[in-house]
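Structure first, then comments.
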Amino acid sequence: MTAAGTTRAAGAAELVAGLAPAPAVWCSGLRKRYGRHQAVEDVSLEVGRGEVVGLLGPNGAGKTSVIKMLLGLVHADAGEVMLLGRPAADAASRARVGYLPELFRYQPWLSPAEVLALHVRLSGADVPVREQQACLSLVGLEGRGDDRLGGFSKGMQQRLGLAVALVARPELVVLDEPTSALDPLGRVDVRDVVLALKARGVAVLLNSHLIGEVERVCDRAVILDRGRWPRRAPSPSCSVSASSGCT
Amino acid sequence: MELVREGRAGPVAVAAAAAQLGRGERTERVAGPASAHGASGRDAVRADLDEVFRRDYRAVVGVAARVLGARDQAEDVAQEVFLSFSRSSVPAGEARGWLCVAAAHTALNLLRSGRRRAAREGTAAAVVDVVGPDVAETVVTIEERRRVRAALARLPRKQAVALVLRHSGLSYADVARRSTCHPRASAPRSGAPSPPCARSWTMRHPTEGVLRRLLDEPAGVADSDRGHVADCSTCLAGLAAAREDAVLVGAALSPAPGPDLGTAAAWHRLSTASAPVWAPARRPRRSSAVLRGPAAAALAVAVVLTGAGTAAASGWLPIFRTERIAPLRLSAQDLVALPDLGAYGELTVTRGPDVHDVPDAAAAAAATHLDVPDVPDLPRGVVGQPTYSVGGQLSATFTFSAERTARAVREAGQPLPPLPTGLQGSAVRLVAGPGVAQTWSSSAGAPALVVGRAVAPAASSSGLAFEVVRDYLLALPGLPADVAAQLRAYAGDGSTLPLPVPSERPTTSSAEVDGRPATVLTTRDRALSAVVWVDDGVVTVVAGSLDDDEVLAVARGLR
């Protein structure tokens with residue numbers, strides 16, 4: 001290689017070395033159609049490392065479809081997805097992702113501790129029992145780890161779902177309507193959990209149709225309207241513009 | 001903004017006619033009654049035009065300006081595009097993408113027509129003082145812009161549109177969607193392993209698309225690809241080259257500087273312009289009977305009248321004298337890599353063609369001293385009387401410079417071939433034209449058939465033999481090897497004029513016209529065809545939105 005070529009290559013190496021880390025979530029041109037209904041059309045978004053982003057929109061806007069496509073639970077008709085610097089097609093990309101689904105149901109004969117142990121085992125992470133118990137405490141289930149889930153309320157099960165999302169030390173947490181079954185105190189707890197994740201540098205994608213919930217914890221809000229291109233707005237100062245953006 | 005929105009459909013705003021665009025004129029007429037323009041519901045102006053115009057006007061002008069390099073022309077294109085949009089049923093939500101693509105196509109049409117090329121270059125020269133304080137740097141910048149736009153004009157349309165849209169700020173996904181191709185065609189999915197190579201994908205070099213994405217959309221590049229590139233000298237070299245290309249193209253495609261866009265004034269112009277004197281661009285259809293686009297006219301006029309065919313390959317071809325014509329296959333990579341003749345000497349155009357219209361065949365014959373061909377039988381779908389355009393003789397001189405050549409070769413990192421004795425300062429003079437073109441329009445008003453004739457290019461050397469100059473230039477580094485090989489393969493006496501043909505676009509074949517060998521060019525969708533041949537030092541072209549049999553029938557029937 002000539003001297004000029006060496007210099008050019010060195011410049012290119014500097015460029016690569018100076019790149020920002022790959023975002024926690026990056027997707028481009030996502031589309032999904034269910035029969036005649038275009039659920040998601042041309043959605044692109046990015047969630048940086050350690051960033052908390054709210055996905056806002058009215059019922060039926062396509063928020064959950066977007067999340068399921070990001071996580072590979074629904075096959076996208078078109079588009080690209082990268083999670084934590086890996087193509088979503090790579091199963092390893094989801095190893096460091098925690099997910100609280102909108103609709104959750106756990107086997108009633110299991111205890112919360114058993115559910116967590118199961119998910120820790122599935123994730124392949126090495127999480128000691130004490131840390132698993134701490135996770136239950138974090139979501140307000142301290143002392144209930146050995147109770148049967150058949151006796152849990154829906155709100156308590158949602159708290160357990162949040163613990164499942166957090167137990168394997170994720171770098172990205174996706175929360176789909178995490179407060180839908182919670183009482184006001186539970187919503188405050190979720191807010192505190194999200195803020196704690198943010199403080200630890202964990203990226204959070206928070207799906208909600210509750211603008212107030214999003215504005216309190218999110219750095220940014222992405223607004224979906226009938227599956228169309230999201231509109232981005234900074235949060236929390238975006239609360240007014242975000243609401244108008246939905247209309 | 002008082003475009004008609006209610007029942008009185010018909011009088012709609014219109015931009016200047018294509019011909020007036022070509023002359024830099026703008027004509028605005030008072031809107032006439034609906035009946036005068038064959039009003040129909042289809043012509044009604046959409047109610048959301050005002051909103052879309054004010055929202056997207058700047059973006060549309062920006063796209064066109066990247067292609068044309070001149071703000072005033074870009075504004076003309078924007079007027080044209082919004083006029084078409086006003087009659088369309090494109091959903092408002094998709095308007096921006098539609099407008100950007102339409103602007104890119106319309107601007108490319110204008111660029112390729114060559115009608116305003118001289119004016120554009122003049123404009124580029126006029127902005128010297130605003131580009132930068134360093135005159136030498138400014139000249140280099142302008143030259144780079146000229147070369148990139150010249151390459152843009154020759155690129156396959158899909159690639160050219162994609163390039164312009166990408167540099168207009170659209171994402172790869174946008175570009176792919178607007179161009180109706182998969183994003184991977186623009187920039188391959190980074191690191192996504194396909195089943196056959198899933199086991200070894202981390203060992204493979206990322207594609208060129210991934211390297212490009214590292215430059216302008218790094219968030220979409222996987223960590224594994226980043227890691228590979230960082231540790232791979234081959235990929236780093238590729239990335240460096242891609243970055244240099246991006247800087248060059250980005251600078252060349254940046255909009256020409258100019259005053260702030262007057263959106264309100266532009267809206268006033270659109271809303272108060274007159275009824276159409278020129279049919280807006282329509283979506284092309286595959287039927288050759290109805291596809292009478294202006295591209296055929298641009299092709300023929302460029303080849304015959306302006307001598308663009310001889311100057312196309314960055315000035316290499318004028319050193320040939322023409323007795324025959326043979327296609328020279330050029331890929332897009334060849335066009336980009338083709339060196340400028342200016343790197344090896346001074347190319348001076350001593351006389352321009354001065355293309356202008358004349359009223360009839362007699363006037364054309366008097367102006368050019370050529371036998372103006374008569375077309376007794378027009379193809380189906382071509383009607384009416386032709387318009388006549390003539391151009392004078394084009395003269396250019398290339399003076400070889402050993403100093404420039406040595407510098408260019410040194411910058412390329414290659415050894416300089418031994419300089420033939422006497423080559424320094426020797427000159428080659430090119431003369432082409434005069435020429436005449438007859439243009440028939442289709443019922444839609446667009447050119448459908450062009451018959452052109454011109455005195456074929458010839459060259460004379462002031463010092464060395466033609467073969468010496470040619471062989472030395474072909475031996476210099478920089479010229480793509482396949483192009484040089486094709487040029488060397490032509491007749492040793494330099495009597496064959498290579499006709500640059502993008503290898504991705506038209507197909508070429510051989511035929512005979514009046515006992516003379518002819519070259520037939522047909523686009524792969526068979527929408528446009530042309531036949532060109534040389535007889536006794538005169539080159540004749542028949543081109544149009546016809547199939548090859550039709551253009552050959554016209555060619556063989558000329559009187």
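Going by the structure tokens order, chains are called A, B, ..., each with residues numbered from 1, while ligands are numbered from 1 in the order shown.
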Taking only range 60-201 of chain A into account, list the residues labelled strand (DSSP E) by DSSP (computed from the backbone), as a PyMOL selection string. chain A and resi 78-83+86-87+97-100+172-176
Selection export as a short mmCIF file (atom, residue, chain, number, x, y, z; two decimals), in the first residue's frame, atoms kept: N, CA and C atoms:
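What follows is the written file selection31.cif:
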data_model
loop_
_atom_site.label_atom_id
_atom_site.label_comp_id
_atom_site.auth_asym_id
_atom_site.auth_seq_id
_atom_site.Cartn_x
_atom_site.Cartn_y
_atom_site.Cartn_z
N ALA A 78 -42.17 -5.66 5.54
CA ALA A 78 -40.99 -4.99 4.98
C ALA A 78 -40.30 -4.24 6.09
N GLY A 79 -39.04 -3.93 5.87
CA GLY A 79 -38.31 -3.12 6.82
C GLY A 79 -37.14 -3.87 7.44
N GLU A 80 -36.31 -3.11 8.11
CA GLU A 80 -35.12 -3.66 8.76
C GLU A 80 -35.16 -3.33 10.25
N VAL A 81 -34.63 -4.22 11.04
CA VAL A 81 -34.58 -4.01 12.49
C VAL A 81 -33.20 -4.41 13.00
N MET A 82 -32.65 -3.58 13.87
CA MET A 82 -31.41 -3.92 14.57
C MET A 82 -31.64 -3.69 16.05
N LEU A 83 -31.23 -4.65 16.85
CA LEU A 83 -31.33 -4.53 18.30
C LEU A 83 -29.94 -4.63 18.89
N ARG A 86 -27.13 -5.66 16.63
CA ARG A 86 -27.21 -6.93 15.88
C ARG A 86 -28.49 -6.93 15.05
N PRO A 87 -28.43 -7.54 13.89
CA PRO A 87 -29.66 -7.68 13.10
C PRO A 87 -30.69 -8.49 13.88
N VAL A 97 -32.46 -8.32 25.88
CA VAL A 97 -33.66 -7.51 25.79
C VAL A 97 -34.69 -8.04 26.78
N GLY A 98 -35.23 -7.14 27.59
CA GLY A 98 -36.33 -7.51 28.47
C GLY A 98 -37.64 -7.02 27.90
N TYR A 99 -38.69 -7.82 28.05
CA TYR A 99 -39.94 -7.48 27.39
C TYR A 99 -41.11 -7.75 28.33
N LEU A 100 -41.92 -6.74 28.49
CA LEU A 100 -43.19 -6.91 29.20
C LEU A 100 -44.30 -6.80 28.17
N LEU A 172 -31.73 -3.44 27.06
CA LEU A 172 -32.89 -2.78 26.46
C LEU A 172 -34.14 -3.41 27.07
N VAL A 173 -35.04 -2.56 27.52
CA VAL A 173 -36.30 -3.03 28.08
C VAL A 173 -37.44 -2.46 27.25
N VAL A 174 -38.32 -3.33 26.81
CA VAL A 174 -39.48 -2.90 26.03
C VAL A 174 -40.71 -3.16 26.88
N LEU A 175 -41.41 -2.12 27.18
CA LEU A 175 -42.59 -2.21 28.04
C LEU A 175 -43.82 -1.83 27.24
N ASP A 176 -44.70 -2.79 27.08
CA ASP A 176 -45.90 -2.57 26.28
C ASP A 176 -47.09 -2.36 27.23
#
Kindly determine which residues of chain A lie within 8 Å of chain B, considering only C-alpha atoms, and give the answer as a PyMOL selection string. chain A and resi 5+8-13+16-17+19+21-23+26-29+79-80+82+85-87+89-90
Please produce a file of the residues just selected, as a PDB file, in the first residue's frame, where the atoms kept are C-alpha atoms.
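Everything below was put into selection18.pdb:
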ATOM      1  CA  GLY A   5      -3.279   4.726   0.712  1.00  0.00           C
ATOM      2  CA  ARG A   8      -6.532   7.160   3.748  1.00  0.00           C
ATOM      3  CA  ALA A   9      -6.965   3.840   5.497  1.00  0.00           C
ATOM      4  CA  ALA A  10      -5.899   5.399   8.778  1.00  0.00           C
ATOM      5  CA  GLY A  11      -8.504   8.086   8.297  1.00  0.00           C
ATOM      6  CA  ALA A  12     -11.127   5.445   7.657  1.00  0.00           C
ATOM      7  CA  ALA A  13     -10.050   3.561  10.774  1.00  0.00           C
ATOM      8  CA  VAL A  16     -14.937   3.720  12.382  1.00  0.00           C
ATOM      9  CA  ALA A  17     -13.403   4.085  15.811  1.00  0.00           C
ATOM     10  CA  LEU A  19     -18.631   6.070  15.491  1.00  0.00           C
ATOM     11  CA  PRO A  21     -22.226   2.915  19.617  1.00  0.00           C
ATOM     12  CA  ALA A  22     -24.966   1.200  17.701  1.00  0.00           C
ATOM     13  CA  PRO A  23     -28.322   2.278  19.102  1.00  0.00           C
ATOM     14  CA  TRP A  26     -32.936   0.904  15.061  1.00  0.00           C
ATOM     15  CA  CYS A  27     -35.609   0.144  12.550  1.00  0.00           C
ATOM     16  CA  SER A  28     -36.336   1.446   9.107  1.00  0.00           C
ATOM     17  CA  GLY A  29     -39.354   1.202   6.875  1.00  0.00           C
ATOM     18  CA  GLY A  79     -38.306  -3.123   6.822  1.00  0.00           C
ATOM     19  CA  GLU A  80     -35.121  -3.657   8.760  1.00  0.00           C
ATOM     20  CA  MET A  82     -31.408  -3.921  14.568  1.00  0.00           C
ATOM     21  CA  GLY A  85     -26.073  -3.602  17.281  1.00  0.00           C
ATOM     22  CA  ARG A  86     -27.214  -6.926  15.878  1.00  0.00           C
ATOM     23  CA  PRO A  87     -29.661  -7.684  13.101  1.00  0.00           C
ATOM     24  CA  ALA A  89     -32.760 -11.930  12.519  1.00  0.00           C
ATOM     25  CA  ASP A  90     -29.917 -12.937  14.805  1.00  0.00           C
TER      26      ASP A  90
END
Rank nothing, just name the residue among A:Leu205, A:Ala95, A:Val188, A:Leu110 nearest to Leu149 in chain A, using only C-alpha atoms. A:Leu110
Neighbour list for Asp192 in chain A as a count of residues only, cut-off 10 Å, only C-alpha atoms, skip fewer than 4 positions in-chain: 9
Could you write out, as an NGL selection string, all the residues of range 53-241 of chain A that DSSP marks as alpha helix (DSSP H)? :A and (63-70 or 112-123 or 129-138 or 154-167 or 184-199 or 211-217 or 239-241)
Please produce a file of the residues just selected, as a PDB file, in the first residue's frame, where the atoms kept are C-alpha atoms.
ATOM      1  CA  LYS A  63     -47.860   0.533  18.617  1.00  0.00           C
ATOM      2  CA  THR A  64     -47.981  -3.072  19.708  1.00  0.00           C
ATOM      3  CA  SER A  65     -47.493  -4.287  16.145  1.00  0.00           C
ATOM      4  CA  VAL A  66     -44.345  -2.185  15.917  1.00  0.00           C
ATOM      5  CA  ILE A  67     -43.021  -3.618  19.154  1.00  0.00           C
ATOM      6  CA  LYS A  68     -43.772  -7.179  18.109  1.00  0.00           C
ATOM      7  CA  MET A  69     -41.989  -6.644  14.814  1.00  0.00           C
ATOM      8  CA  LEU A  70     -39.003  -5.206  16.644  1.00  0.00           C
ATOM      9  CA  PRO A 112     -43.147 -15.779  41.094  1.00  0.00           C
ATOM     10  CA  ALA A 113     -39.752 -17.147  42.123  1.00  0.00           C
ATOM     11  CA  GLU A 114     -40.221 -20.124  39.806  1.00  0.00           C
ATOM     12  CA  VAL A 115     -41.282 -17.869  36.946  1.00  0.00           C
ATOM     13  CA  LEU A 116     -38.201 -15.749  37.362  1.00  0.00           C
ATOM     14  CA  ALA A 117     -35.950 -18.786  37.628  1.00  0.00           C
ATOM     15  CA  LEU A 118     -37.473 -20.145  34.438  1.00  0.00           C
ATOM     16  CA  HIS A 119     -36.859 -16.930  32.522  1.00  0.00           C
ATOM     17  CA  VAL A 120     -33.341 -16.567  33.861  1.00  0.00           C
ATOM     18  CA  ARG A 121     -32.642 -20.083  32.639  1.00  0.00           C
ATOM     19  CA  LEU A 122     -34.178 -19.364  29.247  1.00  0.00           C
ATOM     20  CA  SER A 123     -32.116 -16.197  28.845  1.00  0.00           C
ATOM     21  CA  VAL A 129     -31.326 -16.182  43.469  1.00  0.00           C
ATOM     22  CA  ARG A 130     -30.709 -13.234  45.721  1.00  0.00           C
ATOM     23  CA  GLU A 131     -30.727 -10.893  42.743  1.00  0.00           C
ATOM     24  CA  GLN A 132     -33.915 -12.489  41.492  1.00  0.00           C
ATOM     25  CA  GLN A 133     -35.535 -11.835  44.852  1.00  0.00           C
ATOM     26  CA  ALA A 134     -34.325  -8.249  44.753  1.00  0.00           C
ATOM     27  CA  CYS A 135     -36.032  -7.927  41.417  1.00  0.00           C
ATOM     28  CA  LEU A 136     -39.307  -9.048  42.946  1.00  0.00           C
ATOM     29  CA  SER A 137     -38.843  -6.496  45.693  1.00  0.00           C
ATOM     30  CA  LEU A 138     -38.243  -3.794  43.124  1.00  0.00           C
ATOM     31  CA  LYS A 154     -54.054  -8.861  37.347  1.00  0.00           C
ATOM     32  CA  GLY A 155     -52.081  -5.927  38.653  1.00  0.00           C
ATOM     33  CA  MET A 156     -49.792  -8.198  40.630  1.00  0.00           C
ATOM     34  CA  GLN A 157     -49.251 -10.364  37.611  1.00  0.00           C
ATOM     35  CA  GLN A 158     -48.289  -7.275  35.665  1.00  0.00           C
ATOM     36  CA  ARG A 159     -45.785  -6.433  38.357  1.00  0.00           C
ATOM     37  CA  LEU A 160     -44.382  -9.922  37.958  1.00  0.00           C
ATOM     38  CA  GLY A 161     -44.184  -9.357  34.208  1.00  0.00           C
ATOM     39  CA  LEU A 162     -42.123  -6.267  34.883  1.00  0.00           C
ATOM     40  CA  ALA A 163     -39.806  -8.306  37.075  1.00  0.00           C
ATOM     41  CA  VAL A 164     -39.453 -10.883  34.303  1.00  0.00           C
ATOM     42  CA  ALA A 165     -38.467  -8.089  31.908  1.00  0.00           C
ATOM     43  CA  LEU A 166     -35.806  -6.874  34.296  1.00  0.00           C
ATOM     44  CA  VAL A 167     -34.386 -10.023  35.797  1.00  0.00           C
ATOM     45  CA  PRO A 184     -52.209   4.688  40.752  1.00  0.00           C
ATOM     46  CA  LEU A 185     -49.589   3.576  43.248  1.00  0.00           C
ATOM     47  CA  GLY A 186     -48.461   0.842  40.892  1.00  0.00           C
ATOM     48  CA  ARG A 187     -48.084   3.392  38.105  1.00  0.00           C
ATOM     49  CA  VAL A 188     -45.835   5.451  40.320  1.00  0.00           C
ATOM     50  CA  ASP A 189     -43.785   2.343  41.002  1.00  0.00           C
ATOM     51  CA  VAL A 190     -43.368   1.698  37.285  1.00  0.00           C
ATOM     52  CA  ARG A 191     -42.277   5.258  36.770  1.00  0.00           C
ATOM     53  CA  ASP A 192     -39.671   4.857  39.476  1.00  0.00           C
ATOM     54  CA  VAL A 193     -38.470   1.604  37.905  1.00  0.00           C
ATOM     55  CA  VAL A 194     -38.080   3.233  34.511  1.00  0.00           C
ATOM     56  CA  LEU A 195     -36.187   6.142  36.003  1.00  0.00           C
ATOM     57  CA  ALA A 196     -33.912   3.692  37.811  1.00  0.00           C
ATOM     58  CA  LEU A 197     -33.244   1.871  34.551  1.00  0.00           C
ATOM     59  CA  LYS A 198     -32.428   5.154  32.913  1.00  0.00           C
ATOM     60  CA  ALA A 199     -29.991   5.943  35.684  1.00  0.00           C
ATOM     61  CA  ILE A 211     -49.388  10.894  27.472  1.00  0.00           C
ATOM     62  CA  GLY A 212     -48.948  11.885  31.075  1.00  0.00           C
ATOM     63  CA  GLU A 213     -47.202   8.622  31.832  1.00  0.00           C
ATOM     64  CA  VAL A 214     -44.816   9.128  28.946  1.00  0.00           C
ATOM     65  CA  GLU A 215     -44.054  12.747  29.605  1.00  0.00           C
ATOM     66  CA  ARG A 216     -42.925  12.067  33.152  1.00  0.00           C
ATOM     67  CA  VAL A 217     -40.225   9.565  32.323  1.00  0.00           C
ATOM     68  CA  SER A 239     -46.324  17.151  26.239  1.00  0.00           C
ATOM     69  CA  VAL A 240     -48.455  19.744  24.539  1.00  0.00           C
ATOM     70  CA  SER A 241     -47.046  19.268  21.068  1.00  0.00           C
TER      71      SER A 241
END
